[in-house]
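What's in protein20.pdb: PDB, C-alpha atoms
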MODEL        1
ATOM      1  CA  PRO A   1       5.871  -7.175  -6.994
ATOM      2  CA  ASN A   2       3.219  -7.304  -9.686
ATOM      3  CA  LYS A   3       0.829  -4.342  -9.401
ATOM      4  CA  LYS A   4      -1.637  -5.785 -11.891
ATOM      5  CA  ALA A   5      -1.911  -9.015  -9.887
ATOM      6  CA  ALA A   6      -2.179  -7.018  -6.658
ATOM      7  CA  TYR A   7      -5.138  -4.987  -7.921
ATOM      8  CA  GLU A   8      -6.751  -8.149  -9.316
ATOM      9  CA  LEU A   9      -6.452  -9.798  -5.893
ATOM     10  CA  THR A  10      -8.258  -6.919  -4.184
ATOM     11  CA  HIS A  11     -10.938  -6.847  -6.881
ATOM     12  CA  ILE A  12     -11.539 -10.588  -6.536
ATOM     13  CA  VAL A  13     -12.242 -10.024  -2.845
ATOM     14  CA  TYR A  14     -14.623  -7.181  -3.698
ATOM     15  CA  TYR A  15     -16.536  -9.401  -6.121
ATOM     16  CA  LEU A  16     -16.598 -12.481  -3.858
ATOM     17  CA  SER A  17     -17.861 -10.422  -0.928
ATOM     18  CA  GLU A  18     -20.246  -8.420  -3.120
ATOM     19  CA  TYR A  19     -18.515  -5.302  -1.825
ATOM     20  CA  GLY A  20     -18.702  -6.273   1.820
ATOM     21  CA  LYS A  21     -22.216  -7.726   1.895
ATOM     22  CA  TYR A  22     -21.051 -11.327   2.440
ATOM     23  CA  ASP A  23     -18.101 -13.041   4.052
ATOM     24  CA  PRO A  24     -16.067 -14.407   1.117
ATOM     25  CA  GLU A  25     -14.669 -17.106   3.438
ATOM     26  CA  LEU A  26     -11.110 -16.618   2.242
ATOM     27  CA  ARG A  27      -8.505 -19.187   3.133
ATOM     28  CA  PRO A  28      -5.704 -18.069   5.445
ATOM     29  CA  GLU A  29      -3.322 -18.128   2.451
ATOM     30  CA  ALA A  30      -5.470 -15.560   0.631
ATOM     31  CA  MET A  31      -5.542 -13.308   3.687
ATOM     32  CA  MET A  32      -1.754 -13.664   3.904
ATOM     33  CA  SER A  33      -1.503 -12.642   0.227
ATOM     34  CA  LEU A  34      -3.546  -9.534   0.978
ATOM     35  CA  GLU A  35      -1.259  -8.727   3.904
ATOM     36  CA  TYR A  36       1.885  -9.205   1.805
ATOM     37  CA  THR A  37       0.347  -7.025  -0.913
ATOM     38  CA  GLY A  38      -0.290  -4.390   1.745
ATOM     39  CA  LEU A  39       3.332  -4.556   2.849
ATOM     40  CA  VAL A  40       4.560  -4.034  -0.710
ATOM     41  CA  ALA A  41       2.111  -1.140  -1.166
ATOM     42  CA  TYR A  42       3.243   0.406   2.125
ATOM     43  CA  LEU A  43       6.943   0.076   1.286
ATOM     44  CA  ASP A  44       6.221   1.643  -2.107
ATOM     45  CA  GLN A  45       4.016   4.321  -0.499
ATOM     46  CA  ASN A  46       1.372   3.419  -3.095
ATOM     47  CA  HIS A  47      -1.641   4.706  -1.178
ATOM     48  CA  ASP A  48      -4.020   3.845  -3.994
ATOM     49  CA  LEU A  49      -3.167   0.143  -3.698
ATOM     50  CA  LEU A  50      -2.813   0.307   0.098
ATOM     51  CA  ALA A  51      -6.351   1.691   0.381
ATOM     52  CA  GLU A  52      -7.651  -1.105  -1.852
ATOM     53  CA  VAL A  53      -5.890  -3.702   0.322
ATOM     54  CA  CYS A  54      -7.312  -2.229   3.544
ATOM     55  CA  THR A  55     -10.810  -2.275   2.041
ATOM     56  CA  ALA A  56     -10.410  -5.855   0.785
ATOM     57  CA  ILE A  57      -9.205  -7.024   4.197
ATOM     58  CA  GLN A  58     -12.257  -5.427   5.817
ATOM     59  CA  PHE A  59     -14.597  -6.982   3.223
ATOM     60  CA  ALA A  60     -12.990 -10.350   4.034
ATOM     61  CA  GLY A  61     -13.783  -9.914   7.729
ATOM     62  CA  GLY A  62     -10.260  -8.954   8.773
ATOM     63  CA  THR A  63      -8.775  -5.884  10.373
ATOM     64  CA  PRO A  64      -6.118  -4.009   8.400
ATOM     65  CA  SER A  65      -3.043  -2.695  10.153
ATOM     66  CA  GLN A  66      -3.750   0.530  12.018
ATOM     67  CA  ILE A  67      -0.503   1.912  10.595
ATOM     68  CA  TRP A  68      -1.831   1.355   7.070
ATOM     69  CA  VAL A  69      -5.243   2.805   7.915
ATOM     70  CA  GLU A  70      -3.619   5.954   9.335
ATOM     71  CA  ASP A  71      -1.395   6.269   6.275
ATOM     72  CA  VAL A  72      -4.396   5.965   3.940
ATOM     73  CA  ALA A  73      -6.195   8.673   5.936
ATOM     74  CA  ARG A  74      -3.153  10.953   5.752
ATOM     75  CA  ALA A  75      -2.869  10.342   1.997
ATOM     76  CA  HIS A  76      -6.555  11.089   1.452
ATOM     77  CA  ALA A  77      -6.300  14.344   3.380
ATOM     78  CA  GLY A  78      -3.236  15.302   1.317
ATOM     79  CA  ILE A  79      -4.964  15.047  -2.073
ATOM     80  CA  MET A  80      -6.566  18.327  -3.037
ATOM     81  CA  PRO A  81      -8.928  19.221  -5.874
ATOM     82  CA  VAL A  82      -7.630  22.397  -7.505
ATOM     83  CA  PRO A  83      -8.636  24.355 -10.606
ATOM     84  CA  ALA A  84      -7.297  22.622 -13.714
ATOM     85  CA  GLU A  85      -4.346  24.408 -15.282
ATOM     86  CA  THR A  86      -5.202  23.238 -18.797
ATOM     87  CA  GLU A  87      -8.260  22.097 -20.683
ATOM     88  CA  MET A  88      -6.493  18.904 -21.684
ATOM     89  CA  PRO A  89      -6.987  15.973 -19.312
ATOM     90  CA  VAL A  90      -3.937  15.327 -17.173
ATOM     91  CA  MET A  91      -2.819  12.360 -15.146
ATOM     92  CA  ASP A  92      -3.523  13.353 -11.610
ATOM     93  CA  ALA A  93      -4.300  11.825  -8.230
ATOM     94  CA  PHE A  94      -8.052  11.444  -8.818
ATOM     95  CA  HIS A  95      -8.083   7.636  -8.560
ATOM     96  CA  ALA A  96      -6.010   7.739  -5.375
ATOM     97  CA  TYR A  97      -8.399  10.365  -3.955
ATOM     98  CA  LEU A  98     -11.391   8.219  -4.878
ATOM     99  CA  VAL A  99      -9.981   4.949  -3.518
ATOM    100  CA  THR A 100      -8.519   6.402  -0.313
ATOM    101  CA  GLY A 101     -11.840   8.159   0.298
ATOM    102  CA  TRP A 102     -13.739   4.953  -0.303
ATOM    103  CA  GLY A 103     -11.405   3.190   2.133
ATOM    104  CA  GLN A 104     -12.124   5.901   4.691
ATOM    105  CA  ALA A 105     -15.882   5.480   4.160
ATOM    106  CA  VAL A 106     -15.687   1.683   4.563
ATOM    107  CA  ALA A 107     -13.740   2.214   7.798
ATOM    108  CA  GLY A 108     -16.379   4.686   9.017
ATOM    109  CA  ALA A 109     -13.958   7.612   8.942
ATOM    110  CA  PRO A 110     -14.452  11.107   7.493
ATOM    111  CA  CYS A 111     -13.904  11.332   3.741
ATOM    112  CA  PHE A 112     -14.363  13.496   0.666
ATOM    113  CA  GLU A 113     -14.332  16.680   2.731
ATOM    114  CA  ALA A 114     -12.122  18.737   0.405
ATOM    115  CA  GLU A 115     -13.856  21.678  -1.215
ATOM    116  CA  VAL A 116     -14.145  21.175  -4.983
ATOM    117  CA  PRO A 117     -13.696  24.349  -7.055
ATOM    118  CA  GLN A 118     -16.040  25.303  -9.892
ATOM    119  CA  GLY A 119     -15.058  24.424 -13.458
ATOM    120  CA  GLY A 120     -12.299  22.076 -14.531
ATOM    121  CA  VAL A 121     -10.584  20.272 -11.673
ATOM    122  CA  GLN A 122      -7.454  18.251 -11.194
ATOM    123  CA  PHE A 123      -6.401  16.372  -8.076
ATOM    124  CA  VAL A 124      -2.968  17.136  -6.679
ATOM    125  CA  ASP A 125      -1.177  14.881  -4.211
ATOM    126  CA  GLN A 126       0.440  17.404  -1.906
ATOM    127  CA  LEU A 127       2.333  14.756   0.065
ATOM    128  CA  GLN A 128       3.908  12.913  -2.878
ATOM    129  CA  ALA A 129       5.246  10.225  -0.565
ATOM    130  CA  LYS A 130       8.637   8.816  -1.515
ATOM    131  CA  SER A 131       8.944   5.052  -1.877
ATOM    132  CA  ALA A 132      11.367   2.917   0.116
ATOM    133  CA  LEU A 133      10.756  -0.103  -2.114
ATOM    134  CA  ARG A 134      13.313   0.792  -4.762
ATOM    135  CA  GLY A 135      16.126   1.479  -2.297
ATOM    136  CA  LEU A 136      15.391  -1.737  -0.427
ATOM    137  CA  SER A 137      15.243  -3.749  -3.657
ATOM    138  CA  GLU A 138      18.457  -2.269  -5.016
ATOM    139  CA  PHE A 139      20.295  -2.928  -1.760
ATOM    140  CA  LEU A 140      19.214  -6.574  -1.759
ATOM    141  CA  PHE A 141      20.104  -6.976  -5.433
ATOM    142  CA  ASP A 142      23.566  -5.465  -4.888
ATOM    143  CA  LEU A 143      24.247  -7.916  -2.054
ATOM    144  CA  GLY A 144      24.174 -10.768  -4.561
ATOM    145  CA  ALA A 145      25.121 -14.076  -2.933
ATOM    146  CA  ALA A 146      25.451 -12.382   0.477
ATOM    147  CA  ARG A 147      21.687 -11.763   0.486
ATOM    148  CA  HIS A 148      19.521 -14.010   2.638
ATOM    149  CA  GLY A 149      15.885 -14.018   3.662
ATOM    150  CA  ASP A 150      16.298 -14.000   7.438
ATOM    151  CA  TRP A 151      15.002 -10.554   8.429
ATOM    152  CA  SER A 152      16.473 -10.739  11.920
ATOM    153  CA  GLY A 153      19.915 -11.273  10.359
ATOM    154  CA  MET A 154      19.466  -8.793   7.508
ATOM    155  CA  ARG A 155      17.816  -6.005   9.485
ATOM    156  CA  GLY A 156      21.134  -4.723  10.841
ATOM    157  CA  ARG A 157      22.488  -4.417   7.298
ATOM    158  CA  VAL A 158      19.365  -3.057   5.595
ATOM    159  CA  ILE A 159      18.317  -0.326   8.022
ATOM    160  CA  PRO A 160      21.680   1.546   8.144
ATOM    161  CA  PHE A 161      21.932   1.477   4.333
ATOM    162  CA  LEU A 162      18.658   3.326   3.774
ATOM    163  CA  ASP A 163      18.229   7.086   4.026
ATOM    164  CA  ALA A 164      16.237   8.428   6.998
ATOM    165  CA  HIS A 165      12.975   8.393   5.047
ATOM    166  CA  GLY A 166      13.498   4.821   3.818
ATOM    167  CA  ARG A 167      14.460   3.645   7.308
ATOM    168  CA  ALA A 168      11.283   5.134   8.770
ATOM    169  CA  ILE A 169       9.095   3.446   6.150
ATOM    170  CA  VAL A 170      10.757   0.040   6.551
ATOM    171  CA  GLN A 171      10.551   0.243  10.349
ATOM    172  CA  ARG A 172       6.862   1.205  10.203
ATOM    173  CA  ALA A 173       6.221  -1.586   7.691
ATOM    174  CA  GLU A 174       7.906  -3.991  10.096
ATOM    175  CA  ALA A 175       5.743  -2.699  12.959
ATOM    176  CA  SER A 176       2.595  -2.962  10.823
ATOM    177  CA  SER A 177       2.648  -6.738  10.452
ATOM    178  CA  GLU A 178       3.589  -9.697  12.617
ATOM    179  CA  ARG A 179       4.359 -11.480   9.346
ATOM    180  CA  PHE A 180       6.999  -9.019   8.186
ATOM    181  CA  GLY A 181       9.817 -11.543   8.690
ATOM    182  CA  ASP A 182       7.990 -14.159   6.625
ATOM    183  CA  PHE A 183       7.205 -11.543   3.988
ATOM    184  CA  PHE A 184      10.858 -10.511   3.835
ATOM    185  CA  GLU A 185      11.985 -14.105   3.374
ATOM    186  CA  GLY A 186      10.031 -14.313   0.120
ATOM    187  CA  PHE A 187      10.745 -10.721  -0.885
ATOM    188  CA  ALA A 188      14.516 -11.147  -0.591
ATOM    189  CA  ARG A 189      14.452 -13.999  -3.128
ATOM    190  CA  ALA A 190      17.556 -15.510  -1.613
ATOM    191  CA  SER A 191      18.363 -19.125  -2.255
ATOM    192  CA  GLY A 192      20.216 -19.447   1.052
ATOM    193  CA  SER A 193      17.352 -18.253   3.269
TER     194      SER A 193
ENDMDL
END

Write the structure described by the file as structure tokens, please.
Amino acid sequence: PNKKAAYELTHIVYYLSEYGKYDPELRPEAMMSLEYTGLVAYLDQNHDLLAEVCTAIQFAGGTPSQIWVEDVARAHAGIMPVPAETEMPVMDAFHAYLVTGWGQAVAGAPCFEAEVPQGGVQFVDQLQAKSALRGLSEFLFDLGAARHGDWSGMRGRVIPFLDAHGRAIVQRAEASSERFGDFFEGFARASGS
């Protein structure tokens, strides 16, 4: 997964659609790329990117997975502006707060309702969602030649290996897209798929 390319893909859709004013008339392959990017973002619990994908899908005339939309809403509600602890700028969750809020606004849902304190502010992600992407990737890598891209055949090996949190994320990712099996085939990077 290439995060830079993923963000560029969403931004291309924003520009082509003039931020939702026009149908960018994306080919089915481009919509599939957005969906696969959303699956990677969901597995990684990267709500910043997931929100951008949901917004891009909407700007392209599609409907993002309800599971993703709910996760973006939960992430947005979990980011809180708090008084800054130092005067020096810190890396915080501001961009995620901004993008998840924007995604909420595009979807017509409540957003930016957190009370902002006076003075210096930093944005704290109270949920700090744990990724399942690394565990899944490491498991597939460790399988070596035994790895294959058939999700129906690999599911029984992957799911029991993951911790409870990772299992829940992978199962929800699977439920979020009818293309999960096709996504997994490419993701597994197995020559004997």

Would you translate the PyMOL selection byres ((chain A and resi 69-72) around 6) into the concrete set of residues it matches in this file, as a PDB file with C-alpha atoms, keeping the file's coordinate frame?
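Saved file selection36.pdb follows:
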ATOM      1  CA  HIS A  47      -1.641   4.706  -1.178  1.00  0.00           C
ATOM      2  CA  ALA A  51      -6.351   1.691   0.381  1.00  0.00           C
ATOM      3  CA  GLN A  66      -3.750   0.530  12.018  1.00  0.00           C
ATOM      4  CA  ILE A  67      -0.503   1.912  10.595  1.00  0.00           C
ATOM      5  CA  TRP A  68      -1.831   1.355   7.070  1.00  0.00           C
ATOM      6  CA  ALA A  73      -6.195   8.673   5.936  1.00  0.00           C
ATOM      7  CA  ARG A  74      -3.153  10.953   5.752  1.00  0.00           C
ATOM      8  CA  ALA A  75      -2.869  10.342   1.997  1.00  0.00           C
ATOM      9  CA  THR A 100      -8.519   6.402  -0.313  1.00  0.00           C
TER      10      THR A 100
END

The centre and edge lengths of an axis-aligned box containing all atoms of segment 71-85 of chain A present in the file, extended by 6 Å on each side, are to be given in Å to one decimal, as AutoDock Vina command-line options.
--center_x -5.2 --center_y 15.2 --center_z -4.5 --size_x 19.5 --size_y 30.4 --size_z 33.6

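Using all atoms listed in the file, the shortest contact distance between Gly38 of chain A and any of A:Tyr22, A:Tyr7, A:Trp102, A:Phe112 is found at A:Tyr7.
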
Quiz item: Could you name the residues that touch segment 166-181 of chain A at 6 Å or less, counting only C-alpha atoms, but leaving out those on the same chain fewer than 3 positions away, as a ChimeraX atom specification?
Solution: /A:65,67,132,151,159,162-163,184

Within 10 Å of (-8.2, -2.6, -1.2), in the coordinates the file gives, what residues turn up when you count only C-alpha atoms, written out as a JSON list (two decimals) with C-alpha atoms, in the frame of the given file?
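Just written: result-v9.json:
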[["chain", "number", "residue", "atom", "x", "y", "z"],
["A", 6, "ALA", "CA", -2.18, -7.02, -6.66],
["A", 7, "TYR", "CA", -5.14, -4.99, -7.92],
["A", 8, "GLU", "CA", -6.75, -8.15, -9.32],
["A", 9, "LEU", "CA", -6.45, -9.80, -5.89],
["A", 10, "THR", "CA", -8.26, -6.92, -4.18],
["A", 11, "HIS", "CA", -10.94, -6.85, -6.88],
["A", 13, "VAL", "CA", -12.24, -10.02, -2.84],
["A", 14, "TYR", "CA", -14.62, -7.18, -3.70],
["A", 34, "LEU", "CA", -3.55, -9.53, 0.98],
["A", 37, "THR", "CA", 0.35, -7.02, -0.91],
["A", 38, "GLY", "CA", -0.29, -4.39, 1.74],
["A", 47, "HIS", "CA", -1.64, 4.71, -1.18],
["A", 48, "ASP", "CA", -4.02, 3.84, -3.99],
["A", 49, "LEU", "CA", -3.17, 0.14, -3.70],
["A", 50, "LEU", "CA", -2.81, 0.31, 0.10],
["A", 51, "ALA", "CA", -6.35, 1.69, 0.38],
["A", 52, "GLU", "CA", -7.65, -1.10, -1.85],
["A", 53, "VAL", "CA", -5.89, -3.70, 0.32],
["A", 54, "CYS", "CA", -7.31, -2.23, 3.54],
["A", 55, "THR", "CA", -10.81, -2.28, 2.04],
["A", 56, "ALA", "CA", -10.41, -5.86, 0.78],
["A", 57, "ILE", "CA", -9.20, -7.02, 4.20],
["A", 58, "GLN", "CA", -12.26, -5.43, 5.82],
["A", 59, "PHE", "CA", -14.60, -6.98, 3.22],
["A", 64, "PRO", "CA", -6.12, -4.01, 8.40],
["A", 99, "VAL", "CA", -9.98, 4.95, -3.52],
["A", 100, "THR", "CA", -8.52, 6.40, -0.31],
["A", 102, "TRP", "CA", -13.74, 4.95, -0.30],
["A", 103, "GLY", "CA", -11.40, 3.19, 2.13]]

Quiz item: When you draw a straight line from atom CA of Asp182 of chain A to atom CA of Ile12 of chain A, how long is it in Å?
Solution: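 About the pair atom CA of Asp182 of chain A and atom CA of Ile12 of chain A: they are 23.8 Å apart.
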